[in-house]
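J.: Sharing model.txt below, compact mmCIF, C-alpha atoms:
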# COMPACT_ATOMS: atom_id res chain seq x y z
CA MET A 1 12.64 172.93 133.59
CA SER A 2 13.78 169.30 133.87
CA GLU A 3 16.38 169.99 131.17
CA ALA A 4 17.74 172.89 133.23
CA ILE A 5 17.96 170.63 136.30
CA THR A 6 19.78 167.97 134.30
CA THR A 7 22.21 170.59 133.01
CA ALA A 8 22.63 172.17 136.45
CA ARG A 9 23.34 168.93 138.35
CA PRO A 10 27.06 168.53 137.42
CA TYR A 11 27.76 172.18 138.27
CA ALA A 12 26.01 171.89 141.62
CA GLN A 13 27.88 168.66 142.36
CA ALA A 14 31.22 170.23 141.42
CA ALA A 15 30.55 173.26 143.64
CA PHE A 16 29.48 170.97 146.46
CA ASP A 17 32.60 168.81 146.14
CA VAL A 18 34.89 171.86 146.28
CA ALA A 19 32.93 173.39 149.18
CA GLN A 20 33.08 170.12 151.08
CA SER A 21 36.82 169.76 150.51
CA LEU A 22 37.26 173.29 151.88
CA SER A 23 34.83 172.67 154.77
CA ASP A 24 32.84 175.71 153.63
CA LEU A 25 29.37 174.44 152.73
CA LYS A 26 27.65 177.51 154.17
CA GLY A 27 29.98 179.99 152.46
CA TRP A 28 29.38 178.40 149.09
CA SER A 29 25.66 178.23 149.80
CA ASP A 30 25.59 181.98 150.45
CA VAL A 31 27.50 182.74 147.24
CA ILE A 32 25.45 180.46 145.00
CA SER A 33 22.09 181.57 146.41
CA SER A 34 23.12 185.23 146.10
CA LEU A 35 24.10 184.73 142.47
CA ALA A 36 20.90 182.76 141.81
CA GLU A 37 18.84 185.67 143.13
CA SER A 38 20.87 188.12 141.06
CA VAL A 39 20.26 186.35 137.74
CA LYS A 40 16.51 186.49 138.34
CA HIS A 41 16.50 190.29 138.01
CA PRO A 42 15.39 191.47 134.55
CA GLU A 43 18.37 193.82 134.15
CA VAL A 44 20.85 191.03 134.84
CA GLN A 45 18.87 188.62 132.64
CA ALA A 46 19.07 191.08 129.77
CA ILE A 47 22.85 191.33 130.09
CA ILE A 48 23.66 187.64 130.52
CA THR A 49 21.44 186.60 127.61
CA SER A 50 22.50 189.37 125.24
CA PRO A 51 24.53 188.16 122.27
CA THR A 52 26.16 191.60 122.02
CA VAL A 53 27.72 191.55 125.50
CA ALA A 54 31.14 189.88 125.56
CA LYS A 55 31.80 187.05 128.01
CA ALA A 56 34.42 189.23 129.70
CA GLY A 57 31.78 191.85 130.42
CA ILE A 58 29.39 189.27 131.83
CA GLU A 59 32.19 187.80 133.93
CA ASN A 60 33.07 191.25 135.31
CA LEU A 61 29.41 191.87 136.17
CA MET A 62 29.01 188.56 137.99
CA LEU A 63 32.31 188.85 139.84
CA GLY A 64 31.34 192.41 140.76
CA LEU A 65 28.10 191.10 142.24
CA LEU A 66 30.15 188.71 144.37
CA GLY A 67 32.33 191.49 145.72
CA ASP A 68 35.69 191.14 147.40
CA LYS A 69 34.54 188.49 149.89
CA ALA A 70 34.50 185.72 147.26
CA LYS A 71 37.22 183.09 147.47
CA PRO A 72 39.34 182.24 144.43
CA GLN A 73 37.54 178.91 143.91
CA GLN A 74 34.17 180.67 143.95
CA ARG A 75 35.42 183.21 141.43
CA ASN A 76 36.63 180.35 139.22
CA PHE A 77 33.22 178.70 139.51
CA VAL A 78 31.62 181.89 138.19
CA ARG A 79 34.13 182.01 135.34
CA VAL A 80 33.23 178.45 134.34
CA LEU A 81 29.50 179.27 134.41
CA VAL A 82 30.10 182.32 132.21
CA GLU A 83 32.35 180.40 129.80
CA LYS A 84 29.83 177.55 129.44
CA ARG A 85 26.88 179.99 129.32
CA ARG A 86 25.21 178.39 132.36
CA LEU A 87 24.36 181.49 134.40
CA ARG A 88 20.65 181.08 133.66
CA GLU A 89 20.78 177.70 135.44
CA LEU A 90 21.98 179.27 138.71
CA PRO A 91 18.55 178.95 140.43
CA GLU A 92 18.55 175.21 139.66
CA ILE A 93 22.21 174.90 140.64
CA SER A 94 21.38 176.57 143.94
CA GLU A 95 18.42 174.26 144.56
CA ILE A 96 20.48 171.12 143.88
CA TYR A 97 23.41 172.42 145.92
CA GLU A 98 21.11 173.06 148.90
CA ALA A 99 19.74 169.52 148.64
CA LEU A 100 23.29 168.12 148.62
CA ARG A 101 24.19 170.32 151.58
CA ALA A 102 21.12 169.24 153.55
CA GLU A 103 21.97 165.60 152.87
CA ALA A 104 25.57 166.09 154.03
CA GLU A 105 24.48 167.97 157.15
CA LYS A 106 21.69 165.46 157.88
CA SER A 107 19.11 168.21 157.85
CA ALA A 108 15.89 168.86 155.99
CA ASN A 109 14.08 172.03 155.05
CA VAL A 110 10.42 171.73 155.95
CA VAL A 111 7.96 174.32 154.65
CA VAL A 112 4.70 174.59 156.54
CA GLU A 113 1.77 176.53 155.07
CA SER A 114 -1.13 177.25 157.37
CA ALA A 115 -4.28 179.35 157.21
CA PHE A 116 -3.26 181.18 160.39
CA ALA A 117 0.02 181.89 162.19
CA LEU A 118 1.27 178.85 164.09
CA THR A 119 2.11 179.17 167.77
CA VAL A 120 5.60 178.32 168.97
CA LYS A 121 4.20 175.12 170.54
CA GLN A 122 2.59 174.06 167.24
CA GLN A 123 5.85 174.73 165.38
CA GLU A 124 7.78 172.68 167.94
CA THR A 125 5.28 169.81 167.63
CA ILE A 126 5.62 169.78 163.83
CA SER A 127 9.40 170.05 164.05
CA VAL A 128 9.69 167.15 166.54
CA SER A 129 7.28 165.02 164.50
CA MET A 130 9.13 165.67 161.23
CA LYS A 131 12.52 165.05 162.87
CA LYS A 132 11.24 161.68 164.07
CA ARG A 133 9.74 160.87 160.68
CA LEU A 134 12.75 161.93 158.58
CA GLY A 135 15.55 161.16 161.02
CA ARG A 136 17.15 164.55 160.37
CA ASP A 137 17.51 167.95 161.95
CA ILE A 138 14.67 170.16 160.77
CA LYS A 139 14.82 173.71 159.47
CA LEU A 140 11.21 174.86 159.70
CA VAL A 141 9.91 177.66 157.48
CA CYS A 142 6.33 178.73 158.17
CA SER A 143 4.09 180.81 155.95
CA ILE A 144 0.44 181.81 155.94
CA ASN A 145 -1.87 180.84 153.07
CA LYS A 146 -5.43 182.06 153.67
CA ASP A 147 -6.70 179.89 150.78
CA LEU A 148 -6.26 176.77 152.94
CA LEU A 149 -9.21 177.82 155.20
CA GLY A 150 -7.67 175.77 158.04
CA GLY A 151 -5.16 173.01 158.72
CA VAL A 152 -1.64 172.80 157.32
CA VAL A 153 0.29 171.67 154.26
CA ILE A 154 3.80 170.39 155.02
CA ARG A 155 6.42 170.07 152.27
CA THR A 156 9.92 168.66 152.39
CA GLY A 157 11.70 167.79 149.18
CA ASP A 158 9.20 165.89 147.04
CA LYS A 159 7.04 164.83 150.01
CA VAL A 160 3.79 166.64 150.76
CA ILE A 161 1.52 166.11 153.75
CA ASP A 162 -1.75 167.89 153.04
CA GLY A 163 -3.93 168.30 156.11
CA SER A 164 -5.73 171.39 154.89
CA VAL A 165 -9.46 171.95 155.26
CA ARG A 166 -9.62 172.93 151.59
CA THR A 167 -8.34 169.50 150.51
CA ARG A 168 -10.68 167.72 152.93
CA LEU A 169 -13.67 169.63 151.53
CA GLY A 170 -12.58 168.74 148.00
CA GLU A 171 -12.36 165.06 148.97
CA MET A 172 -15.87 165.19 150.48
CA ALA A 173 -17.26 166.87 147.37
CA THR A 174 -15.73 164.14 145.22
CA ALA A 175 -17.11 161.41 147.45
CA LEU A 176 -20.60 162.90 147.37
CA ALA A 177 -20.62 163.40 143.60
Show me, as structure tokens, the structure contained in the file I just sent.
T.:
Amino acid sequence: MSEAITTARPYAQAAFDVAQSLSDLKGWSDVISSLAESVKHPEVQAIITSPTVAKAGIENLMLGLLGDKAKPQQRNFVRVLVEKRRLRELPEISEIYEALRAEAEKSANVVVESAFALTVKQQETISVSMKKRLGRDIKLVCSINKDLLGGVVIRTGDKVIDGSVRTRLGEMATALA
């Protein structure tokens, strides 16, 4: 996985640089994330990894998945990925691109897992607190994880704030042992 991220970084940076020069960070984000989702499908995986399928065929498939809405620079980006056989790294490219975009837009994606659905007030409280802590606009994504028993786990980038009951019980068990 770390090798794929290392390989993906220059491609993500190149896409980001072009997108930024065109003032189209969101458009490129949509294209890259769409392609990243596409290459996760087993049928697409089989085609892009097959030694019997010519690069031209793979290129036509990927450009077809983009459709007519793709800009010439985005189409060229796909051609480079096909030529260099880097389509399998698209999920990592997308992840790195989104991090670069968030940095440029001074925003952060915050994922909140809770045992139960959070109220709007609770979401606002978390969002305000994280905005203050990170100094960025917050894009909050909430999900339910019944395994937590109670409390929340908040993730942004490589930071994790674990306030779950499950973790607290584990800490107590360790302390009592």
J.: Residues near Glu113 of chain A, anyone? I mean within 7 Å using all atoms listed in the file, not counting same-chain ones fewer than 4 positions away, as a PyMOL selection string.
T.: chain A and resi 142-145+152-154
J.: Pick from A:Ile138, A:Leu22, A:Ala177, A:Val31: nearest to Val78 of chain A, with all atoms listed in the file counted?
T.: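 Comparing A:Ile138, A:Leu22, A:Ala177, A:Val31 against Val78 of chain A, the winner is A:Val31.
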J.: Tell me which protein, DNA and RNA residues are within 12 Å of Asp17 of chain A, counting only C-alpha atoms, leaving out same-chain ones fewer than 6 positions away, and put them as a PyMOL selection string.
T.: chain A and resi 10-11+23-25+28+73+77+97+100-101+104
J.: Distance atom CA of Glu92 of chain A-atom CA of Lys139 of chain A, one decimal place?
T.: 20.2 Å
J.: Can you report as JSON the centre and edge lengths in Å, to one decimal, of an axis-aligned box around the listed atoms of segment 47-64 of chain A padded with 8 Å on each side?
T.:
{"center_x": 27.9, "center_y": 189.5, "center_z": 131.4, "size_x": 29.0, "size_y": 21.8, "size_z": 34.7}
J.: For atom CA of Phe116 of chain A and atom CA of Arg136 of chain A, quote the distance in Å rounded to one decimal.
T.: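 It comes out at 26.3 Å.
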J.: As an exercise, work out the distance from atom CA of Ala70 of chain A to atom CA of Leu35 of chain A in Å and give it to one decimal place.
T.: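 Interatomic distance here is 11.5 Å.
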J.: Nearest to Ala14 of chain A: which of A:Ile48, A:Ile93, A:Ala36, A:Val53 is it, counting only C-alpha atoms?
T.: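 That would be A:Ile93, the residue with the smallest distance to Ala14 of chain A.
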J.: Measuring between only C-alpha atoms, which one of A:Val18, A:Ala4, A:Val110, A:Leu87 shows the shortest distance to Lys131 of chain A?
T.: A:Val110
J.: Which residue gives the smallest distance to Glu3 of chain A among A:Asp147, A:Glu98, A:Glu89, A:Thr125, with all atoms listed in the file counted?
T.: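 Closest residue, counting all atoms listed in the file: A:Glu89.
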J.: I'd like the neighbourhood of Lys159 of chain A as a short mmCIF file (atom, residue, chain, number, x, y, z; two decimals) with C-alpha atoms, in the frame of the given file, where a residue qualifies if any of its atoms comes within 12 Å (using all atoms listed in the file), though same-chain residues fewer than 2 positions away should be ignored.
T.:
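Written out: out-v4.cif:
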data_model
loop_
_atom_site.label_atom_id
_atom_site.label_comp_id
_atom_site.auth_asym_id
_atom_site.auth_seq_id
_atom_site.Cartn_x
_atom_site.Cartn_y
_atom_site.Cartn_z
CA ALA A 108 15.89 168.86 155.99
CA ASN A 109 14.08 172.03 155.05
CA VAL A 110 10.42 171.73 155.95
CA VAL A 111 7.96 174.32 154.65
CA VAL A 112 4.70 174.59 156.54
CA MET A 130 9.13 165.67 161.23
CA ARG A 133 9.74 160.87 160.68
CA LEU A 134 12.75 161.93 158.58
CA VAL A 153 0.29 171.67 154.26
CA ILE A 154 3.80 170.39 155.02
CA ARG A 155 6.42 170.07 152.27
CA THR A 156 9.92 168.66 152.39
CA GLY A 157 11.70 167.79 149.18
CA ILE A 161 1.52 166.11 153.75
CA ASP A 162 -1.75 167.89 153.04
#
J.: Scan for residues within 12 Å of the point (32.4, 185.9, 133.0) in the coordinates of the file, using only C-alpha atoms, and reply as a list in words.
T.: Ile47, Ile48, Val53, Ala54, Lys55, Ala56, Gly57, Ile58, Glu59, Asn60, Leu61, Met62, Leu63, Gly64, Leu65, Leu66, Arg75, Asn76, Phe77, Val78, Arg79, Val80, Leu81, Val82, Glu83, Lys84, Arg85, Arg86 and Leu87 of chain A
J.: Just to be explicit: take each residue in the selection above, keep C-alpha atoms, and write the result as a PDB file, keeping the file's coordinate frame.
T.:
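Generated file (selection32.pdb):
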ATOM      1  CA  ILE A  47      22.850 191.330 130.090  1.00  0.00           C
ATOM      2  CA  ILE A  48      23.660 187.640 130.520  1.00  0.00           C
ATOM      3  CA  VAL A  53      27.720 191.550 125.500  1.00  0.00           C
ATOM      4  CA  ALA A  54      31.140 189.880 125.560  1.00  0.00           C
ATOM      5  CA  LYS A  55      31.800 187.050 128.010  1.00  0.00           C
ATOM      6  CA  ALA A  56      34.420 189.230 129.700  1.00  0.00           C
ATOM      7  CA  GLY A  57      31.780 191.850 130.420  1.00  0.00           C
ATOM      8  CA  ILE A  58      29.390 189.270 131.830  1.00  0.00           C
ATOM      9  CA  GLU A  59      32.190 187.800 133.930  1.00  0.00           C
ATOM     10  CA  ASN A  60      33.070 191.250 135.310  1.00  0.00           C
ATOM     11  CA  LEU A  61      29.410 191.870 136.170  1.00  0.00           C
ATOM     12  CA  MET A  62      29.010 188.560 137.990  1.00  0.00           C
ATOM     13  CA  LEU A  63      32.310 188.850 139.840  1.00  0.00           C
ATOM     14  CA  GLY A  64      31.340 192.410 140.760  1.00  0.00           C
ATOM     15  CA  LEU A  65      28.100 191.100 142.240  1.00  0.00           C
ATOM     16  CA  LEU A  66      30.150 188.710 144.370  1.00  0.00           C
ATOM     17  CA  ARG A  75      35.420 183.210 141.430  1.00  0.00           C
ATOM     18  CA  ASN A  76      36.630 180.350 139.220  1.00  0.00           C
ATOM     19  CA  PHE A  77      33.220 178.700 139.510  1.00  0.00           C
ATOM     20  CA  VAL A  78      31.620 181.890 138.190  1.00  0.00           C
ATOM     21  CA  ARG A  79      34.130 182.010 135.340  1.00  0.00           C
ATOM     22  CA  VAL A  80      33.230 178.450 134.340  1.00  0.00           C
ATOM     23  CA  LEU A  81      29.500 179.270 134.410  1.00  0.00           C
ATOM     24  CA  VAL A  82      30.100 182.320 132.210  1.00  0.00           C
ATOM     25  CA  GLU A  83      32.350 180.400 129.800  1.00  0.00           C
ATOM     26  CA  LYS A  84      29.830 177.550 129.440  1.00  0.00           C
ATOM     27  CA  ARG A  85      26.880 179.990 129.320  1.00  0.00           C
ATOM     28  CA  ARG A  86      25.210 178.390 132.360  1.00  0.00           C
ATOM     29  CA  LEU A  87      24.360 181.490 134.400  1.00  0.00           C
TER      30      LEU A  87
END
J.: Rank A:Lys106, A:Glu124, A:Val160, A:Ile5 by their smallest atom-to-atom distance to Leu140 of chain A, using all atoms listed in the file, and report the top residue only.
T.: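 Nearest to Leu140 of chain A: A:Glu124.
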